[in-house]
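Visitor: Have a look at this one before I ask anything.
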Amino acid sequence: MLSDQSAALVRATLPAVANAIGEITPRFYDRMFAAHPELLRDLFNRGNQANGTQARALAGSIAAFAGMLLEHPGRRPDAMLARIAHKHASLGITADQYTIVQRHLFAAIAEVLGDAITPEVAAAWDEVYWLMAGALIAQEARLYAEAGVADGDVWRPWRVVGRLQETPDAVTFMLRPADRSPAPPFRPGQYVSVRVPLPDGAGQIRQYSLSCAPNGTDRWITVKRVAAADGAPAGEVSTWLHDNVREGDVLTVSAPFGDTVLDDGESPVLLASGGIGCTQTISMLAHLANTGSPRRVIVVHADRSQDTHAFRTDLDLLVAKLPDAQAHVWYEHPVGEWPAERTGLADLSGVDVPEDVRAYLCGPLPFMRAVRARLLDRGVPPSRIHYEVFGPDLWLADA
């Protein structure tokens, strides 16, 4: 927890820092990437840097962490940081990189706020930073130990043993360790990072859910091609994977990580997905079917149409294997005949959702927010609603 002196200074300056953090974070990234261009080239997502979402996510996490230290000084915020720790571990982040961040972040704070950042105020916020960094470093060290790798040493070569076109813009790559060693275990709902060599020499990284059941020998990732839209360019990594990777090629892939994983209990399960978020759902559903789970399973999925719905046939087959499972699917623009009540956006008002359900959400942020709000209205406790975000987590930043 914060020292009393630092807590008082942070409380007094939090409004000023929070109001300016939208200006601080872009300057921080500019400074850090000028000093360490390799971080932008080979670690940070260049698309998220360009559109500002990474800066917003950083601002949201810092503000939320500082607020929690002040309002709940006796509570460890490890649960809030777990998502960040898993993402960092999947990128191979190491403890020494936190020192680089601290140096350039505090230089940016001083540059923006000027004389308001006295040595005492800087020391108080430095305490906040290292409490957050220390908690993340400890969590990431545990994750590396659980994965059986040295800190940051998460990358291995995986050979593509199959390629399956799921929809016109989604492809499944079936992977097997290129060194013939056993595939590392994973839990349903986890993801891996994939690093690809782009034409300009960058080694950009993206995360993809494992879209297969964990008891198989291979690991599948399903990649949706991100098209250019609304002034944003096409996805660098998804485009490269679609255009260049064929059976026999080798990809650089991380160990599995992710804290949104299917629990081992007996309570009812709601799996809610939008678009390509079905990759997480299909992994959880395959695990439930393969283990003969007697749990009640409710699947909710929303997509543009049947043609864009990846794993549409697999969803029907897996639901049919379970003794107590139902699927509810909505299409915005269905092809052919389709029930009117299932046309448009997903609507849980007609879905029977037990209060003791455990819900797992994956998809676009507006979709997950809408589903979560509906579940809260139905009496589902927040602690039983889990979500996965790929890219910067803007849930806190936008709240």
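Chain labels run A, B, ... following the order of the structure tokens; each chain numbers its residues from 1, and ligands are numbered from 1 in the order shown.
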Might you pull out every residue within 12 Å of A:Ser305, with only C-alpha atoms counted and same-chain residues fewer than 2 positions away left off, and present them as a ChimeraX atom specification?

Guide: /A:167-168,274-275,301-303,307-310,312,329-338,342-345

Visitor: Can you list every residue of stretch 240-305 of chain A that has an atom at most 12 Å from stretch 142-148 of chain A, with its nearest atom pair and the distance in Å to one decimal, using only C-alpha atoms, ordered by chain then number, as a tab-separated table?

Guide:
```
residue	atom	partner	partner_atom	distance
A:Ser254	CA	A:Ala147	CA	10.4
A:Ala255	CA	A:Ala147	CA	7.0
A:Pro256	CA	A:Ala147	CA	8.0
A:Phe257	CA	A:Leu143	CA	8.1
A:Gly258	CA	A:Leu143	CA	9.9
A:Asp259	CA	A:Leu143	CA	10.6
```

Visitor: Please produce a file of the residues just selected, as an mmCIF file, in the first residue's frame, where the atoms kept are C-alpha atoms.

Guide:
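This is the output file part-v8.cif:
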```cif
data_model
loop_
_atom_site.group_PDB
_atom_site.id
_atom_site.type_symbol
_atom_site.label_atom_id
_atom_site.label_comp_id
_atom_site.auth_asym_id
_atom_site.auth_seq_id
_atom_site.Cartn_x
_atom_site.Cartn_y
_atom_site.Cartn_z
ATOM 1 C CA SER A 254 4.443 -17.944 -27.677
ATOM 2 C CA ALA A 255 3.398 -20.209 -24.847
ATOM 3 C CA PRO A 256 -0.336 -20.003 -24.014
ATOM 4 C CA PHE A 257 -1.541 -17.312 -21.616
ATOM 5 C CA GLY A 258 -4.801 -15.569 -20.693
ATOM 6 C CA ASP A 259 -6.845 -15.288 -17.503
#
```

Visitor: I'd like the neighbourhood of A:Pro197 as an mmCIF file with C-alpha atoms, in the first residue's frame, where a residue qualifies if any of its atoms comes within 9 Å (using only C-alpha atoms), though same-chain residues fewer than 5 positions away should be ignored.

Guide:
```cif
data_model
loop_
_atom_site.group_PDB
_atom_site.id
_atom_site.type_symbol
_atom_site.label_atom_id
_atom_site.label_comp_id
_atom_site.auth_asym_id
_atom_site.auth_seq_id
_atom_site.Cartn_x
_atom_site.Cartn_y
_atom_site.Cartn_z
ATOM 1 C CA ALA A 202 9.596 -5.201 -38.252
ATOM 2 C CA GLY A 203 8.630 -8.236 -36.181
ATOM 3 C CA GLN A 204 5.083 -7.375 -35.162
ATOM 4 C CA VAL A 237 -0.218 -9.111 -39.204
ATOM 5 C CA TRP A 240 0.565 -11.109 -43.784
#
```

Visitor: Just the residues within 7 Å of A:Glu247, please, counting only C-alpha atoms, with nothing from its chain fewer than 5 positions along; format it as a PyMOL selection string.

Guide: chain A and resi 160-163

Visitor: Which distance in Å separates atom CA of A:Lys321 and atom CA of A:Arg219, to one decimal?

Guide: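 Between atom CA of A:Lys321 and atom CA of A:Arg219 the gap works out to 21.8 Å.
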
Visitor: Hey, what's within 12 Å of A:Phe65 if we count only C-alpha atoms and toss same-chain stuff fewer than 6 positions away? As a PyMOL selection string, please?

Guide: chain A and resi 1-2+10+14+18+58-59+71-73+75-81+125+127-133+135-136+396-397

Visitor: When you count only C-alpha atoms, which of these residues is closest to A:Val149: A:Ala89, A:Ala108, A:Arg195, A:Glu166?

Guide: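 The answer is A:Ala89, which sits nearest to A:Val149.
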
Visitor: May I have a table of the residues of stretch 145-242 of chain A lying at most 12 Å from stretch 39-55 of chain A, giving each one's closest pair of atoms and their distance in Å to one decimal, counting only C-alpha atoms, ordered by chain and ascending residue number, as a tab-separated table?

Guide:
```
residue	atom	partner	partner_atom	distance
A:Ser193	CA	A:Leu43	CA	11.0
A:Val194	CA	A:Leu43	CA	11.2
A:Arg195	CA	A:Asp42	CA	8.5
A:Val196	CA	A:Asp42	CA	9.4
A:Pro197	CA	A:Asp42	CA	9.2
A:Leu198	CA	A:Arg41	CA	9.8
A:Pro199	CA	A:Arg41	CA	11.8
A:Asp200	CA	A:Arg41	CA	9.3
A:Gly201	CA	A:Arg41	CA	8.0
A:Ala202	CA	A:Arg41	CA	4.9
A:Gly203	CA	A:Asp42	CA	4.5
A:Gln204	CA	A:Asp42	CA	5.2
A:Ile205	CA	A:Leu43	CA	6.5
A:Arg206	CA	A:Asn45	CA	7.6
A:Gln207	CA	A:Asn45	CA	10.5
A:Val226	CA	A:Gly47	CA	11.3
A:Ala228	CA	A:Gly47	CA	11.5
A:Asp230	CA	A:Asn51	CA	11.6
A:Gly231	CA	A:Asn51	CA	10.2
A:Ala232	CA	A:Asn51	CA	8.0
A:Pro233	CA	A:Gly47	CA	8.1
A:Ala234	CA	A:Gly47	CA	9.2
A:Gly235	CA	A:Gly47	CA	7.6
A:Glu236	CA	A:Gly47	CA	8.0
A:Val237	CA	A:Asn45	CA	9.7
A:Ser238	CA	A:Gly47	CA	11.9
```

Visitor: Please report, as a ChimeraX atom specification, each residue of stretch 319-355 of chain A to which DSSP assigns strand (DSSP E) when run on this structure's backbone.

Guide: /A:325-331

Visitor: Between A:Val192, A:Ala150, A:Ala178, A:Ala34, which one has atoms that come closest to A:Leu91, using only C-alpha atoms?

Guide: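 The shortest atom-to-atom distance to A:Leu91 comes from A:Val192.
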
Visitor: Atom CA of A:Leu285 and atom CA of A:Leu241, how far apart in Å?

Guide: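 The value is 25.9 Å.
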
Visitor: For A:Arg180, find every residue with an atom within 12 Å (counting only C-alpha atoms), except residues of its own chain fewer than 3 positions away, and show them as a tab-separated table (two decimals) with all heavy atoms, in the first residue's frame.

Guide:
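What ended up in part-v5.tsv:
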```tsv
chain	number	residue	atom	x	y	z
A	156	ARG	N	8.69	-20.12	-29.44
A	156	ARG	CA	9.13	-21.39	-30.03
A	156	ARG	C	8.68	-21.44	-31.49
A	156	ARG	O	7.69	-20.80	-31.86
A	156	ARG	CB	8.49	-22.59	-29.29
A	156	ARG	CG	8.99	-22.79	-27.89
A	156	ARG	CD	8.20	-23.89	-27.18
A	156	ARG	NE	8.23	-25.16	-27.90
A	156	ARG	CZ	7.50	-26.23	-27.54
A	156	ARG	NH1	6.68	-26.13	-26.50
A	156	ARG	NH2	7.59	-27.35	-28.19
A	157	PRO	N	9.39	-22.24	-32.31
A	157	PRO	CA	8.94	-22.40	-33.70
A	157	PRO	C	7.85	-23.45	-33.81
A	157	PRO	O	7.97	-24.54	-33.24
A	157	PRO	CB	10.22	-22.85	-34.42
A	157	PRO	CG	11.01	-23.56	-33.36
A	157	PRO	CD	10.69	-22.88	-32.06
A	158	TRP	N	6.79	-23.13	-34.53
A	158	TRP	CA	5.67	-24.04	-34.75
A	158	TRP	C	5.45	-24.19	-36.25
A	158	TRP	O	5.38	-23.20	-36.98
A	158	TRP	CB	4.39	-23.50	-34.10
A	158	TRP	CG	4.40	-23.55	-32.60
A	158	TRP	CD1	5.16	-22.80	-31.76
A	158	TRP	CD2	3.61	-24.41	-31.77
A	158	TRP	NE1	4.88	-23.11	-30.45
A	158	TRP	CE2	3.93	-24.09	-30.43
A	158	TRP	CE3	2.66	-25.38	-32.02
A	158	TRP	CZ2	3.34	-24.74	-29.35
A	158	TRP	CZ3	2.06	-26.02	-30.95
A	158	TRP	CH2	2.41	-25.71	-29.63
A	159	ARG	N	5.30	-25.43	-36.68
A	159	ARG	CA	5.09	-25.69	-38.10
A	159	ARG	C	3.59	-25.72	-38.41
A	159	ARG	O	2.79	-26.27	-37.64
A	159	ARG	CB	5.73	-27.02	-38.51
A	159	ARG	CG	5.74	-27.25	-40.03
A	159	ARG	CD	6.56	-28.48	-40.39
A	159	ARG	NE	7.91	-28.37	-39.88
A	159	ARG	CZ	8.88	-27.65	-40.45
A	159	ARG	NH1	8.62	-26.97	-41.56
A	159	ARG	NH2	10.09	-27.64	-39.92
A	175	LEU	N	-1.24	-25.90	-35.98
A	175	LEU	CA	0.18	-25.78	-35.65
A	175	LEU	C	0.66	-26.98	-34.84
A	175	LEU	O	-0.08	-27.55	-34.04
A	175	LEU	CB	0.41	-24.50	-34.84
A	175	LEU	CG	-0.15	-23.19	-35.43
A	175	LEU	CD1	0.04	-22.05	-34.45
A	175	LEU	CD2	0.50	-22.88	-36.76
A	176	ARG	N	1.94	-27.30	-35.04
A	176	ARG	CA	2.58	-28.38	-34.30
A	176	ARG	C	4.01	-27.94	-34.01
A	176	ARG	O	4.65	-27.30	-34.86
A	176	ARG	CB	2.58	-29.66	-35.14
A	176	ARG	CG	2.98	-30.93	-34.41
A	176	ARG	CD	2.75	-32.13	-35.32
A	176	ARG	NE	1.33	-32.29	-35.66
A	176	ARG	CZ	0.88	-33.06	-36.65
A	176	ARG	NH1	1.74	-33.72	-37.42
A	176	ARG	NH2	-0.43	-33.15	-36.89
A	177	PRO	N	4.56	-28.25	-32.80
A	177	PRO	CA	5.93	-27.81	-32.51
A	177	PRO	C	6.91	-28.28	-33.58
A	177	PRO	O	6.98	-29.48	-33.90
A	177	PRO	CB	6.22	-28.46	-31.15
A	177	PRO	CG	4.87	-28.62	-30.52
A	177	PRO	CD	3.94	-28.94	-31.65
A	183	ALA	N	3.52	-30.42	-27.24
A	183	ALA	CA	2.85	-29.12	-27.23
A	183	ALA	C	2.54	-28.74	-25.79
A	183	ALA	O	2.05	-29.57	-25.02
A	183	ALA	CB	1.57	-29.17	-28.05
A	184	PRO	N	2.82	-27.51	-25.38
A	184	PRO	CA	2.52	-27.11	-24.00
A	184	PRO	C	1.02	-27.13	-23.75
A	184	PRO	O	0.22	-26.83	-24.63
A	184	PRO	CB	3.08	-25.68	-23.91
A	184	PRO	CG	3.11	-25.19	-25.31
A	184	PRO	CD	3.38	-26.40	-26.16
A	217	THR	N	-3.25	-32.88	-29.93
A	217	THR	CA	-1.79	-32.76	-30.06
A	217	THR	C	-1.38	-31.50	-30.79
A	217	THR	O	-0.25	-31.03	-30.65
A	217	THR	CB	-1.22	-33.98	-30.81
A	217	THR	OG1	-1.86	-34.08	-32.09
A	217	THR	CG2	-1.46	-35.26	-30.03
A	218	ASP	N	-2.29	-30.94	-31.59
A	218	ASP	CA	-1.99	-29.72	-32.34
A	218	ASP	C	-2.67	-28.52	-31.66
A	218	ASP	O	-3.55	-28.67	-30.82
A	218	ASP	CB	-2.49	-29.83	-33.78
A	218	ASP	CG	-1.77	-30.91	-34.57
A	218	ASP	OD1	-0.68	-31.34	-34.13
A	218	ASP	OD2	-2.30	-31.35	-35.61
```

Visitor: In Å, rounded to a single decimal, give me how far atom CA of A:His328 is from atom CA of A:Asp264.

Guide: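 So the answer is 23.4 Å.
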
Visitor: Do you have, as CSV, the list of residues of stretch 116-225 of chain A lying at most 12 Å from stretch 361-379 of chain A, each with its nearest atom pair and that distance in Å to one decimal, counting only C-alpha atoms and ordered by chain then number?

Guide:
```
residue,atom,partner,partner_atom,distance
A:Gly189,CA,A:Cys362,CA,9.5
A:Gln190,CA,A:Cys362,CA,11.5
A:Tyr208,CA,A:Cys362,CA,11.8
A:Ser209,CA,A:Cys362,CA,10.0
```

Visitor: Would you mind exporting the chosen residues as a compact mmCIF listing (two decimals), in the first residue's frame, restricted to C-alpha atoms?

Guide:
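Okay, this is what ended up in selection16.txt:
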```txt
# COMPACT_ATOMS: atom_id res chain seq x y z
CA GLY A 189 -10.08 -19.70 -23.42
CA GLN A 190 -6.36 -18.98 -23.51
CA TYR A 208 -5.05 -15.12 -31.14
CA SER A 209 -7.30 -17.43 -29.12
```

Visitor: Determine which residues of stretch 272-305 of chain A receive a DSSP assignment of alpha helix (DSSP H), computed from the backbone, and state them as a PyMOL selection string.

Guide: chain A and resi 278-290

Visitor: If you keep C-alpha atoms, can you produce a file of those selected residues as a PDB file, in the first residue's frame?

Guide:
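Result went into selection-v5.pdb, see below:
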```pdb
ATOM      1  CA  CYS A 278     -16.260 -17.227 -31.364  1.00  0.00           C
ATOM      2  CA  THR A 279     -12.724 -18.672 -31.361  1.00  0.00           C
ATOM      3  CA  GLN A 280     -12.673 -18.555 -27.567  1.00  0.00           C
ATOM      4  CA  THR A 281     -16.219 -19.926 -27.354  1.00  0.00           C
ATOM      5  CA  ILE A 282     -15.484 -22.835 -29.668  1.00  0.00           C
ATOM      6  CA  SER A 283     -12.450 -23.887 -27.596  1.00  0.00           C
ATOM      7  CA  MET A 284     -14.498 -23.888 -24.387  1.00  0.00           C
ATOM      8  CA  LEU A 285     -17.388 -25.653 -26.074  1.00  0.00           C
ATOM      9  CA  ALA A 286     -15.110 -28.320 -27.562  1.00  0.00           C
ATOM     10  CA  HIS A 287     -13.616 -28.981 -24.136  1.00  0.00           C
ATOM     11  CA  LEU A 288     -17.067 -29.351 -22.565  1.00  0.00           C
ATOM     12  CA  ALA A 289     -18.187 -31.720 -25.328  1.00  0.00           C
ATOM     13  CA  ASN A 290     -15.001 -33.802 -25.286  1.00  0.00           C
TER      14      ASN A 290
END
```

Visitor: Between A:Pro382, A:Tyr387, A:Gln306, A:Thr172, which is the closest to A:Leu262 once you count only C-alpha atoms?

Guide: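 That would be A:Tyr387, the residue with the smallest distance to A:Leu262.
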